[in-house]
>>> print(open('model_21.csv').read())   # CSV, C-alpha atoms
chain,number,residue,atom,x,y,z
H,1,MET,CA,53.5,0.1,57.8
H,2,SER,CA,52.8,-1.7,61.1
H,3,ARG,CA,55.9,-3.8,61.8
H,4,GLU,CA,54.3,-6.0,64.4
H,5,TYR,CA,56.1,-9.0,63.0
H,6,LEU,CA,59.4,-7.5,64.4
H,7,LYS,CA,58.0,-8.5,67.8
H,8,THR,CA,56.2,-11.7,67.1
H,9,ALA,CA,58.0,-13.5,64.3
H,10,CYS,CA,60.7,-16.1,64.8
H,11,PRO,CA,64.2,-14.8,63.9
H,12,PRO,CA,64.4,-16.6,60.5
H,13,LEU,CA,61.0,-15.2,59.4
H,14,ARG,CA,61.6,-11.8,60.9
H,15,ASP,CA,64.9,-11.5,58.9
H,16,PHE,CA,63.2,-12.7,55.8
H,17,LEU,CA,60.4,-10.1,56.1
H,18,VAL,CA,62.9,-7.3,56.8
H,19,TYR,CA,64.9,-8.3,53.8
H,20,ASN,CA,61.9,-8.2,51.5
H,21,GLU,CA,60.7,-4.9,52.8
H,22,SER,CA,64.0,-3.0,52.9
H,23,VAL,CA,66.1,-4.6,50.1
H,24,ARG,CA,63.5,-5.9,47.7
H,25,GLY,CA,61.0,-3.1,48.3
H,26,ARG,CA,58.0,-5.5,48.6
H,27,SER,CA,54.7,-3.9,49.3
H,28,GLU,CA,53.0,-3.9,52.7
H,29,LEU,CA,50.4,-6.4,51.3
H,30,THR,CA,53.1,-8.8,50.1
H,31,ILE,CA,54.9,-8.6,53.5
H,32,GLU,CA,51.6,-9.3,55.3
H,33,GLN,CA,50.9,-12.3,53.0
H,34,TYR,CA,54.4,-13.7,53.5
H,35,ASN,CA,54.0,-13.4,57.3
H,36,MET,CA,50.5,-15.0,57.3
H,37,ASP,CA,51.4,-17.9,54.9
H,38,LEU,CA,54.7,-18.8,56.6
H,39,THR,CA,53.3,-18.5,60.1
H,40,LEU,CA,50.5,-20.9,59.1
H,41,PHE,CA,53.1,-23.3,57.8
H,42,PHE,CA,55.1,-23.1,61.0
H,43,LYS,CA,52.0,-24.0,63.0
H,44,TYR,CA,51.3,-26.9,60.8
H,45,LEU,CA,54.9,-28.1,61.0
H,46,LYS,CA,55.0,-28.0,64.8
H,47,ARG,CA,51.7,-29.8,65.0
H,48,GLU,CA,52.8,-32.5,62.6
H,49,ARG,CA,56.1,-33.0,64.4
H,50,GLY,CA,54.4,-33.4,67.7
H,51,LEU,CA,56.0,-30.3,69.1
H,52,VAL,CA,52.8,-29.0,70.7
H,53,GLY,CA,50.3,-30.7,73.0
H,54,ASP,CA,47.2,-32.3,71.6
H,55,ASN,CA,45.0,-30.0,73.6
H,56,VAL,CA,46.5,-26.8,72.1
H,57,PRO,CA,44.1,-25.3,69.5
H,58,PHE,CA,45.7,-24.8,66.1
H,59,SER,CA,45.3,-21.1,66.2
H,60,ASP,CA,47.1,-20.8,69.6
H,61,ILE,CA,50.2,-22.7,68.5
H,62,ASN,CA,53.2,-20.5,69.3
H,63,VAL,CA,55.7,-20.3,66.5
H,64,SER,CA,58.0,-17.6,67.8
H,65,ASP,CA,60.5,-20.3,68.8
H,66,VAL,CA,60.8,-21.9,65.3
H,67,ASP,CA,64.6,-22.1,64.7
H,68,ILE,CA,66.8,-22.9,61.8
H,69,GLU,CA,67.3,-26.5,63.0
H,70,LEU,CA,63.6,-27.2,62.5
H,71,LEU,CA,63.7,-25.5,59.1
H,72,ARG,CA,66.7,-27.6,58.0
H,73,SER,CA,64.6,-30.7,58.6
H,74,VAL,CA,61.8,-29.6,56.2
H,75,THR,CA,61.4,-31.8,53.0
H,76,VAL,CA,59.5,-31.3,49.9
H,77,THR,CA,57.1,-34.0,51.2
H,78,ASP,CA,56.4,-31.7,54.2
H,79,LEU,CA,55.6,-28.8,51.8
H,80,TYR,CA,53.2,-30.9,49.7
H,81,ALA,CA,51.5,-32.2,52.8
H,82,PHE,CA,51.0,-28.6,54.0
H,83,ILE,CA,49.4,-27.7,50.7
H,84,VAL,CA,47.0,-30.7,51.0
H,85,PHE,CA,46.2,-29.4,54.6
H,86,CYS,CA,45.5,-26.0,53.1
H,87,LYS,CA,43.1,-27.5,50.6
H,88,ASP,CA,41.3,-30.0,52.8
H,89,GLU,CA,41.3,-28.3,56.2
H,90,ARG,CA,41.6,-24.6,55.4
H,91,LEU,CA,39.5,-25.0,52.2
H,92,ASN,CA,41.9,-22.8,50.3
H,93,ASP,CA,41.1,-22.4,46.6
H,94,THR,CA,43.7,-22.9,43.8
H,95,SER,CA,44.9,-19.3,43.7
H,96,THR,CA,45.3,-19.1,47.5
H,97,ARG,CA,47.3,-22.4,47.5
H,98,ALA,CA,49.4,-21.1,44.6
H,99,ARG,CA,50.2,-18.0,46.7
H,100,LYS,CA,51.2,-20.0,49.7
H,101,ILE,CA,53.6,-22.1,47.4
H,102,SER,CA,55.1,-18.8,46.2
H,103,SER,CA,55.7,-17.7,49.8
H,104,LEU,CA,57.4,-21.0,50.7
H,105,ARG,CA,59.6,-20.8,47.6
H,106,SER,CA,60.7,-17.3,48.4
H,107,PHE,CA,61.4,-18.1,52.0
H,108,PHE,CA,63.5,-21.3,51.5
H,109,LYS,CA,65.3,-19.7,48.5
H,110,TYR,CA,66.3,-16.8,50.8
H,111,LEU,CA,67.5,-19.3,53.5
H,112,ASN,CA,69.5,-21.3,51.0
H,113,GLU,CA,70.9,-18.7,48.5
H,114,LYS,CA,70.9,-15.4,50.4
H,115,VAL,CA,71.9,-16.2,54.0
H,116,HIS,CA,73.2,-19.7,53.5
H,117,LEU,CA,71.4,-21.1,56.6
H,118,ILE,CA,70.3,-24.3,54.9
H,119,GLU,CA,72.3,-26.5,52.6
H,120,SER,CA,69.5,-27.4,50.2
H,121,ASN,CA,66.2,-25.8,49.2
H,122,PRO,CA,63.3,-28.2,49.7
H,123,ALA,CA,61.0,-25.9,47.7
H,124,ASN,CA,63.0,-26.4,44.5
H,125,GLY,CA,60.8,-29.2,43.5
H,126,LEU,CA,57.5,-27.7,44.6
H,127,ASN,CA,55.1,-27.2,41.7
H,128,SER,CA,52.2,-24.8,41.7
H,129,PRO,CA,48.6,-26.0,41.0
H,130,LYS,CA,47.5,-25.1,37.5
H,131,LEU,CA,45.4,-21.9,37.7
H,132,ARG,CA,42.3,-21.5,35.6
H,133,LYS,CA,42.7,-18.5,33.4
H,134,ALA,CA,39.7,-16.3,33.7
H,135,LEU,CA,39.0,-12.9,32.5
H,136,PRO,CA,39.0,-10.3,35.2
H,137,VAL,CA,35.6,-8.9,36.2
H,138,HIS,CA,35.0,-5.3,35.0
H,139,LEU,CA,32.1,-2.9,34.6
H,140,THR,CA,30.8,-2.0,31.2
H,141,LEU,CA,30.6,1.7,30.1
H,142,ASP,CA,26.9,1.8,31.0
H,143,GLN,CA,27.5,0.3,34.4
H,144,SER,CA,30.3,2.8,35.1
H,145,LEU,CA,28.0,5.6,34.3
H,146,GLU,CA,25.3,4.1,36.5
H,147,LEU,CA,27.8,3.9,39.3
H,148,LEU,CA,28.7,7.6,39.0
H,149,ARG,CA,25.1,8.6,38.8
H,150,ALA,CA,24.4,6.8,42.1
H,151,VAL,CA,26.6,9.2,44.1
H,152,ASP,CA,24.8,11.5,46.5
H,153,GLY,CA,24.7,12.5,50.2
H,154,PRO,CA,26.8,14.8,52.4
H,155,ASN,CA,30.1,13.5,51.0
H,156,LYS,CA,29.1,13.4,47.4
H,157,GLU,CA,31.9,15.6,46.0
H,158,ARG,CA,34.6,13.4,47.7
H,159,ASP,CA,32.9,10.1,46.8
H,160,TYR,CA,32.4,11.1,43.2
H,161,CYS,CA,36.0,12.2,42.9
H,162,ILE,CA,37.2,8.8,44.3
H,163,LEU,CA,35.1,6.9,41.8
H,164,THR,CA,36.2,9.2,39.0
H,165,LEU,CA,39.9,8.7,39.7
H,166,PHE,CA,39.5,4.9,39.9
H,167,LEU,CA,37.5,4.7,36.6
H,168,ASN,CA,39.7,7.1,34.7
H,169,CYS,CA,43.2,6.4,36.0
H,170,GLY,CA,43.2,2.7,36.8
H,171,MET,CA,44.8,3.4,40.2
H,172,ARG,CA,45.3,0.8,42.9
H,173,LEU,CA,43.5,1.3,46.2
H,174,SER,CA,46.7,2.1,48.1
H,175,GLU,CA,47.7,4.5,45.4
H,176,LEU,CA,44.5,6.5,45.7
H,177,CYS,CA,44.7,6.7,49.5
H,178,SER,CA,48.2,8.0,49.4
H,179,ILE,CA,47.6,10.9,47.0
H,180,ASN,CA,48.5,14.4,48.3
H,181,TYR,CA,46.8,17.3,46.6
H,182,THR,CA,50.2,19.1,46.6
H,183,ASP,CA,51.5,16.5,44.2
H,184,ILE,CA,49.1,17.6,41.5
H,185,LYS,CA,51.2,19.8,39.1
H,186,PRO,CA,49.9,22.7,36.9
H,187,ASP,CA,50.1,20.5,33.8
H,188,SER,CA,47.7,18.1,35.6
H,189,SER,CA,50.3,15.4,36.1
H,190,LEU,CA,50.4,13.5,39.3
H,191,LYS,CA,53.2,11.3,40.5
H,192,ILE,CA,51.9,8.3,42.5
H,193,LEU,CA,53.7,5.7,44.6
H,194,GLY,CA,52.9,2.3,43.2
H,195,LYS,CA,53.5,-1.3,44.1
H,196,GLY,CA,57.0,-2.0,45.3
H,197,ASN,CA,57.5,1.7,46.0
H,198,LYS,CA,57.8,2.4,42.3
H,199,GLU,CA,56.8,5.9,41.2
H,200,ARG,CA,54.9,6.5,38.0
H,201,MET,CA,53.2,9.5,36.4
H,202,VAL,CA,49.4,9.8,35.9
H,203,PHE,CA,47.9,12.5,33.8
H,204,LEU,CA,44.5,13.8,35.0
H,205,ASN,CA,41.9,14.3,32.3
H,206,ASP,CA,39.1,16.8,32.3
H,207,ALA,CA,36.7,14.6,34.3
H,208,CYS,CA,39.3,14.1,37.0
H,209,LYS,CA,40.3,17.7,37.2
H,210,ALA,CA,36.6,18.8,37.5
H,211,ALA,CA,36.0,16.2,40.2
H,212,ILE,CA,39.0,17.3,42.2
H,213,ASP,CA,38.1,21.0,41.8
H,214,ASN,CA,34.6,20.4,43.1
H,215,TYR,CA,35.8,18.3,46.0
H,216,MET,CA,38.6,20.8,47.0
H,217,LYS,CA,35.9,23.5,47.4
H,218,VAL,CA,34.3,21.5,50.2
H,219,ARG,CA,37.3,19.5,51.5
H,220,PRO,CA,37.7,20.1,55.3
H,221,ALA,CA,40.4,22.7,56.0
H,222,ASP,CA,40.1,22.9,59.8
H,223,GLN,CA,40.9,20.2,62.4
H,224,VAL,CA,42.9,18.2,59.9
H,225,LYS,CA,45.7,16.2,61.6
H,226,ARG,CA,49.0,17.8,61.0
H,227,GLU,CA,50.5,14.7,59.4
H,228,ASP,CA,47.6,14.5,57.0
H,229,ARG,CA,47.1,18.2,56.1
H,230,TYR,CA,48.1,17.6,52.5
H,231,ALA,CA,46.1,14.4,52.0
H,232,LEU,CA,43.7,14.7,49.1
H,233,PHE,CA,41.0,12.4,50.5
H,234,LEU,CA,40.0,12.8,54.1
H,235,SER,CA,37.8,10.9,56.5
H,236,SER,CA,34.6,12.8,57.0
H,237,THR,CA,34.6,12.1,60.8
H,238,ARG,CA,38.3,12.0,61.9
H,239,HIS,CA,39.5,14.6,59.3
H,240,SER,CA,42.6,12.3,58.7
H,241,ARG,CA,43.8,10.6,55.6
H,242,ILE,CA,41.1,8.3,54.3
H,243,SER,CA,41.8,4.6,55.0
H,244,PRO,CA,41.6,1.8,52.4
H,245,LYS,CA,38.8,0.2,54.4
H,246,THR,CA,36.7,3.4,54.2
H,247,VAL,CA,37.3,3.6,50.5
H,248,GLN,CA,36.2,0.0,50.0
H,249,PHE,CA,33.1,0.7,52.0
H,250,ILE,CA,32.3,3.8,49.9
H,251,VAL,CA,32.7,1.9,46.6
H,252,LYS,CA,30.6,-1.0,47.8
H,253,LYS,CA,27.8,1.4,49.0
H,254,TYR,CA,27.5,2.9,45.6
H,255,ILE,CA,27.8,-0.4,43.8
H,256,ASP,CA,24.8,-1.6,45.8
H,257,LYS,CA,23.0,1.7,45.3
H,258,ALA,CA,23.5,1.4,41.5
H,259,GLY,CA,22.0,-2.1,41.5
H,260,LEU,CA,25.3,-3.7,40.6
H,261,GLU,CA,25.6,-6.0,43.6
H,262,GLY,CA,26.1,-9.6,42.9
H,263,HIS,CA,28.8,-9.0,40.2
H,264,HIS,CA,31.7,-9.2,42.6
H,265,PHE,CA,32.7,-5.6,41.8
H,266,SER,CA,35.2,-4.0,44.1
H,267,THR,CA,37.8,-1.2,44.2
H,268,HIS,CA,40.2,-3.4,42.2
H,269,LYS,CA,37.5,-4.2,39.7
H,270,LEU,CA,37.3,-0.5,39.0
H,271,ARG,CA,41.0,-0.6,38.1
H,272,HIS,CA,40.2,-3.5,35.7
H,273,THR,CA,37.4,-1.4,34.3
H,274,ALA,CA,39.6,1.6,33.6
H,275,ALA,CA,42.1,-0.6,31.8
H,276,THR,CA,39.5,-2.4,29.8
H,277,LEU,CA,37.7,0.8,28.7
H,278,MET,CA,41.0,2.4,27.7
H,279,TYR,CA,41.9,-0.6,25.6
H,280,GLN,CA,38.6,-1.4,24.1
H,281,MET,CA,37.1,2.0,23.5
H,282,GLY,CA,40.0,4.4,23.9
H,283,GLY,CA,42.3,2.6,21.5
H,284,VAL,CA,45.2,2.6,24.0
H,285,ASP,CA,48.0,0.4,22.9
H,286,VAL,CA,48.7,-2.4,25.4
H,287,ARG,CA,52.3,-1.3,25.8
H,288,VAL,CA,51.1,2.2,26.8
H,289,LEU,CA,48.6,0.6,29.1
H,290,LYS,CA,51.4,-1.2,30.8
H,291,GLU,CA,52.9,2.1,31.8
H,292,VAL,CA,49.6,3.6,32.8
H,293,LEU,CA,48.9,0.7,35.2
H,294,GLY,CA,52.5,0.5,36.5
H,295,HIS,CA,53.1,-3.2,35.6
H,296,GLU,CA,56.6,-4.7,35.4
H,297,ASN,CA,55.9,-6.9,32.5
H,298,LEU,CA,53.5,-6.9,29.5
H,299,GLY,CA,52.0,-10.3,30.4
H,300,THR,CA,50.4,-8.8,33.6
H,301,THR,CA,48.8,-6.0,31.5
H,302,GLN,CA,47.3,-8.4,29.0
H,303,ILE,CA,44.9,-9.9,31.5
H,304,TYR,CA,43.2,-6.6,31.7
H,305,THR,CA,42.7,-6.2,28.0
H,306,HIS,CA,39.4,-8.0,27.6
H,307,VAL,CA,38.7,-8.8,23.9
H,308,SER,CA,35.0,-8.1,23.1
H,309,ASP,CA,33.0,-10.2,20.7
H,310,ALA,CA,32.8,-7.1,18.4
H,311,GLN,CA,36.6,-6.9,18.3
H,312,ILE,CA,36.9,-10.6,17.5
H,313,GLU,CA,34.3,-10.2,14.7
H,314,ASN,CA,36.1,-7.2,13.3
H,315,ALA,CA,39.4,-9.0,13.3
H,316,PHE,CA,37.9,-11.6,10.9
H,317,LYS,CA,36.2,-8.9,8.8
H,318,ASN,CA,39.4,-6.9,8.5
H,319,ASN,CA,41.5,-9.8,7.2
H,320,PRO,CA,42.7,-8.6,3.8
H,321,LEU,CA,41.5,-11.9,2.4
H,322,SER,CA,38.0,-11.6,3.9
H,323,GLU,CA,36.3,-10.6,0.5
H,324,VAL,CA,38.3,-12.9,-1.8
H,325,LYS,CA,35.9,-15.5,-3.2
H,326,GLN,CA,36.5,-18.5,-5.4
H,327,LYS,CA,35.7,-17.8,-9.0
H,328,GLU,CA,33.3,-20.2,-10.5
H,329,LYS,CA,34.8,-22.3,-13.3
H,330,LYS,CA,32.9,-22.3,-16.5
H,331,ASP,CA,31.6,-25.7,-17.6
H,332,ASN,CA,33.4,-26.4,-20.9
H,333,ASN,CA,30.9,-29.1,-21.8
H,334,ASN,CA,28.2,-26.5,-22.4
>>> encode(input="model_21.csv", output="structure tokens")
Amino acid sequence: MSREYLKTACPPLRDFLVYNESVRGRSELTIEQYNMDLTLFFKYLKRERGLVGDNVPFSDINVSDVDIELLRSVTVTDLYAFIVFCKDERLNDTSTRARKISSLRSFFKYLNEKVHLIESNPANGLNSPKLRKALPVHLTLDQSLELLRAVDGPNKERDYCILTLFLNCGMRLSELCSINYTDIKPDSSLKILGKGNKERMVFLNDACKAAIDNYMKVRPADQVKREDRYALFLSSTRHSRISPKTVQFIVKKYIDKAGLEGHHFSTHKLRHTAATLMYQMGGVDVRVLKEVLGHENLGTTQIYTHVSDAQIENAFKNNPLSEVKQKEKKDNNN
């Protein structure tokens, strides 16, 4: 992970980020989001307090000098005003504003409860906007097959293997990029490093094993960087471990080629797809799916378990009372 924040962040923020990375084991993405959200808040705070000149562009405001005295002066009103700023001036949607609120809560809780640098936590009374609960986007089985059939070109074995692992294992993008082929065991199990540096076991099915075998036959063996010599997926030009951006480009290329553009499909949507197909068509119990996906709680897993109309219809049909009908009473007057 690039620790540029160690050079640029103000001391309170730097210490908070180090704590979350080293002690709480937060992911690189979470650390980057904390840094981005809080840096934005510090810029807003300095502008609102008149601590920068009117001619200084917002993006150029220096926040490396933000100190604990300034942070002690923050009130819940300041925090709400910042969220309004994010909505009106930054055009942040509800989910992005909710994430920023989460960052503020974590930061001020750390200052108050962990290092005792502020006497009270202004974020205690900060409420998150209500999020609209929407089903995650996923590919149907037919769309998944179309996506796989779209693969061709000089890197077709590698690209097909990438898509196959996404669709069959429900991996995260970072998990797929970090795979070493030496980690694949004879029993086809694979230990991957998930979110928060938590390890979990994945079992490769026949489709995954065949795709990996085909790719390994053509995987570059020469000119591979020493530190990446065991990486499963390699860049075709640099012969180094494939980057997340490259994988995202590959996935988008075949989504467009398969005629699936416009559906907002992405690498993460392939993870949604694997989870949904396992649940809907594979009969995988949601508690097992939780372990497959590496979730900490069952509630997170349940958003992946789309319920189809057919499943809803069957639920009504399978009610043990579904065929019980009222008996007609005989008319005693006849």
>>> atom_distance(input="model_21.csv", atom1="CA of Phe203 in chain H", atom2="CA of Thr267 in chain H")
19.9 Å
>>> closest_residue(input="model_21.csv", among="H:Leu232, H:Tyr215, H:Arg47, H:Asp256", to="Thr182 in chain H", atoms="only C-alpha atoms")
H:Leu232
>>> residues_around(input="model_21.csv", residues="Asp213 in chain H", least_positions_apart="2", cutoff="12 Å", atoms="all atoms listed in the file", output="list in words")
Glu157, Arg158, Tyr160, Cys161, Tyr181, Ile184, Ser188, Leu204, Asp206, Ala207, Cys208, Lys209, Ala210, Ala211, Tyr215, Met216, Lys217, Val218, Arg219 and Leu232 of chain H
>>> atom_distance(input="model_21.csv", atom1="CA of Met36 in chain H", atom2="CA of Lys100 in chain H")
9.1 Å
>>> atom_distance(input="model_21.csv", atom1="CA of Ser236 in chain H", atom2="CA of Pro154 in chain H")
9.3 Å
>>> closest_residue(input="model_21.csv", among="H:Pro57, H:Pro12, H:Pro129, H:Gly170", to="Lys290 in chain H", atoms="only C-alpha atoms")
H:Gly170
>>> residues_around(input="model_21.csv", residues="range 114-120 of chain H", least_positions_apart="4", cutoff="12 Å", atoms="only C-alpha atoms", output="list in words")
Pro12, Asp15, Phe16, Tyr19, Asn20, Val23, Asp67, Ile68, Glu69, Leu70, Leu71, Arg72, Ser73, Val74, Thr75, Val76, Ser106, Phe107, Phe108, Lys109, Tyr110, Asn124 and Gly125 of chain H
>>> closest_residue(input="model_21.csv", among="H:Phe166, H:Tyr44, H:Leu51, H:Gly153", to="Leu139 in chain H", atoms="all atoms listed in the file")
H:Phe166
>>> closest_residue(input="model_21.csv", among="H:Leu173, H:Ala258, H:Glu199, H:Thr96", to="Lys245 in chain H", atoms="only C-alpha atoms")
H:Leu173
>>> closest_residue(input="model_21.csv", among="H:Val137, H:Phe41, H:Arg24, H:Asn197", to="Lys269 in chain H", atoms="only C-alpha atoms")
H:Val137
>>> closest_residue(input="model_21.csv", among="H:Asn55, H:Thr77, H:Ser174, H:Asn62", to="Leu29 in chain H", atoms="only C-alpha atoms")
H:Ser174
>>> build_atoms(input="model_21.csv", residues="range 81-91 of chain H", atoms="all heavy atoms", output="JSON list (two decimals), in the frame of the given file")
[["chain", "number", "residue", "atom", "x", "y", "z"],
["H", 81, "ALA", "N", 52.49, -31.85, 51.78],
["H", 81, "ALA", "CA", 51.50, -32.20, 52.80],
["H", 81, "ALA", "C", 50.82, -30.97, 53.36],
["H", 81, "ALA", "O", 49.61, -30.98, 53.64],
["H", 81, "ALA", "CB", 52.17, -33.02, 53.91],
["H", 82, "PHE", "N", 51.59, -29.91, 53.51],
["H", 82, "PHE", "CA", 51.00, -28.60, 54.00],
["H", 82, "PHE", "C", 50.01, -28.09, 52.99],
["H", 82, "PHE", "O", 48.95, -27.59, 53.38],
["H", 82, "PHE", "CB", 52.15, -27.64, 54.21],
["H", 82, "PHE", "CG", 51.68, -26.23, 54.46],
["H", 82, "PHE", "CD1", 50.94, -25.91, 55.60],
["H", 82, "PHE", "CD2", 51.96, -25.22, 53.55],
["H", 82, "PHE", "CE1", 50.49, -24.61, 55.83],
["H", 82, "PHE", "CE2", 51.53, -23.92, 53.77],
["H", 82, "PHE", "CZ", 50.80, -23.61, 54.90],
["H", 83, "ILE", "N", 50.31, -28.19, 51.70],
["H", 83, "ILE", "CA", 49.40, -27.70, 50.70],
["H", 83, "ILE", "C", 48.10, -28.50, 50.68],
["H", 83, "ILE", "O", 47.00, -27.96, 50.51],
["H", 83, "ILE", "CB", 50.06, -27.71, 49.29],
["H", 83, "ILE", "CG1", 51.29, -26.81, 49.29],
["H", 83, "ILE", "CG2", 49.08, -27.27, 48.21],
["H", 83, "ILE", "CD1", 51.03, -25.36, 49.70],
["H", 84, "VAL", "N", 48.21, -29.81, 50.90],
["H", 84, "VAL", "CA", 47.00, -30.70, 51.00],
["H", 84, "VAL", "C", 46.20, -30.23, 52.24],
["H", 84, "VAL", "O", 44.96, -30.16, 52.20],
["H", 84, "VAL", "CB", 47.40, -32.14, 51.12],
["H", 84, "VAL", "CG1", 46.18, -33.00, 51.45],
["H", 84, "VAL", "CG2", 48.03, -32.62, 49.82],
["H", 85, "PHE", "N", 46.88, -29.93, 53.34],
["H", 85, "PHE", "CA", 46.20, -29.40, 54.60],
["H", 85, "PHE", "C", 45.46, -28.13, 54.25],
["H", 85, "PHE", "O", 44.32, -27.95, 54.69],
["H", 85, "PHE", "CB", 47.28, -29.20, 55.65],
["H", 85, "PHE", "CG", 46.88, -28.23, 56.72],
["H", 85, "PHE", "CD1", 46.03, -28.63, 57.75],
["H", 85, "PHE", "CD2", 47.36, -26.93, 56.71],
["H", 85, "PHE", "CE1", 45.67, -27.72, 58.74],
["H", 85, "PHE", "CE2", 47.01, -26.03, 57.69],
["H", 85, "PHE", "CZ", 46.16, -26.43, 58.72],
["H", 86, "CYS", "N", 46.09, -27.25, 53.49],
["H", 86, "CYS", "CA", 45.50, -26.00, 53.10],
["H", 86, "CYS", "C", 44.20, -26.21, 52.29],
["H", 86, "CYS", "O", 43.20, -25.50, 52.43],
["H", 86, "CYS", "CB", 46.43, -25.08, 52.36],
["H", 86, "CYS", "SG", 47.79, -24.46, 53.38],
["H", 87, "LYS", "N", 44.26, -27.22, 51.45],
["H", 87, "LYS", "CA", 43.10, -27.50, 50.60],
["H", 87, "LYS", "C", 41.99, -28.20, 51.36],
["H", 87, "LYS", "O", 40.82, -27.80, 51.24],
["H", 87, "LYS", "CB", 43.58, -28.45, 49.44],
["H", 87, "LYS", "CG", 42.46, -28.91, 48.50],
["H", 87, "LYS", "CD", 43.03, -29.78, 47.39],
["H", 87, "LYS", "CE", 41.94, -30.28, 46.46],
["H", 87, "LYS", "NZ", 41.07, -31.26, 47.12],
["H", 88, "ASP", "N", 42.33, -29.20, 52.16],
["H", 88, "ASP", "CA", 41.30, -30.00, 52.80],
["H", 88, "ASP", "C", 40.79, -29.39, 54.11],
["H", 88, "ASP", "O", 39.58, -29.43, 54.38],
["H", 88, "ASP", "CB", 41.85, -31.41, 53.10],
["H", 88, "ASP", "CG", 42.13, -32.19, 51.83],
["H", 88, "ASP", "OD1", 41.62, -31.77, 50.77],
["H", 88, "ASP", "OD2", 42.86, -33.19, 51.91],
["H", 89, "GLU", "N", 41.69, -28.86, 54.93],
["H", 89, "GLU", "CA", 41.30, -28.30, 56.20],
["H", 89, "GLU", "C", 41.00, -26.84, 56.23],
["H", 89, "GLU", "O", 40.11, -26.37, 56.92],
["H", 89, "GLU", "CB", 42.33, -28.67, 57.29],
["H", 89, "GLU", "CG", 42.47, -30.17, 57.57],
["H", 89, "GLU", "CD", 43.30, -30.44, 58.81],
["H", 89, "GLU", "OE1", 43.19, -29.67, 59.78],
["H", 89, "GLU", "OE2", 44.06, -31.43, 58.80],
["H", 90, "ARG", "N", 41.76, -26.09, 55.42],
["H", 90, "ARG", "CA", 41.60, -24.60, 55.40],
["H", 90, "ARG", "C", 40.64, -24.23, 54.21],
["H", 90, "ARG", "O", 40.27, -23.07, 54.10],
["H", 90, "ARG", "CB", 42.91, -23.93, 55.21],
["H", 90, "ARG", "CG", 43.99, -24.34, 56.20],
["H", 90, "ARG", "CD", 43.71, -23.84, 57.60],
["H", 90, "ARG", "NE", 43.83, -22.40, 57.70],
["H", 90, "ARG", "CZ", 43.83, -21.73, 58.85],
["H", 90, "ARG", "NH1", 43.70, -22.40, 59.99],
["H", 90, "ARG", "NH2", 43.93, -20.42, 58.87],
["H", 91, "LEU", "N", 40.34, -25.19, 53.35],
["H", 91, "LEU", "CA", 39.50, -25.00, 52.20],
["H", 91, "LEU", "C", 39.96, -23.86, 51.28],
["H", 91, "LEU", "O", 39.18, -23.08, 50.73],
["H", 91, "LEU", "CB", 38.02, -24.65, 52.68],
["H", 91, "LEU", "CG", 37.37, -25.70, 53.60],
["H", 91, "LEU", "CD1", 35.97, -25.27, 54.00],
["H", 91, "LEU", "CD2", 37.34, -27.07, 52.90]]
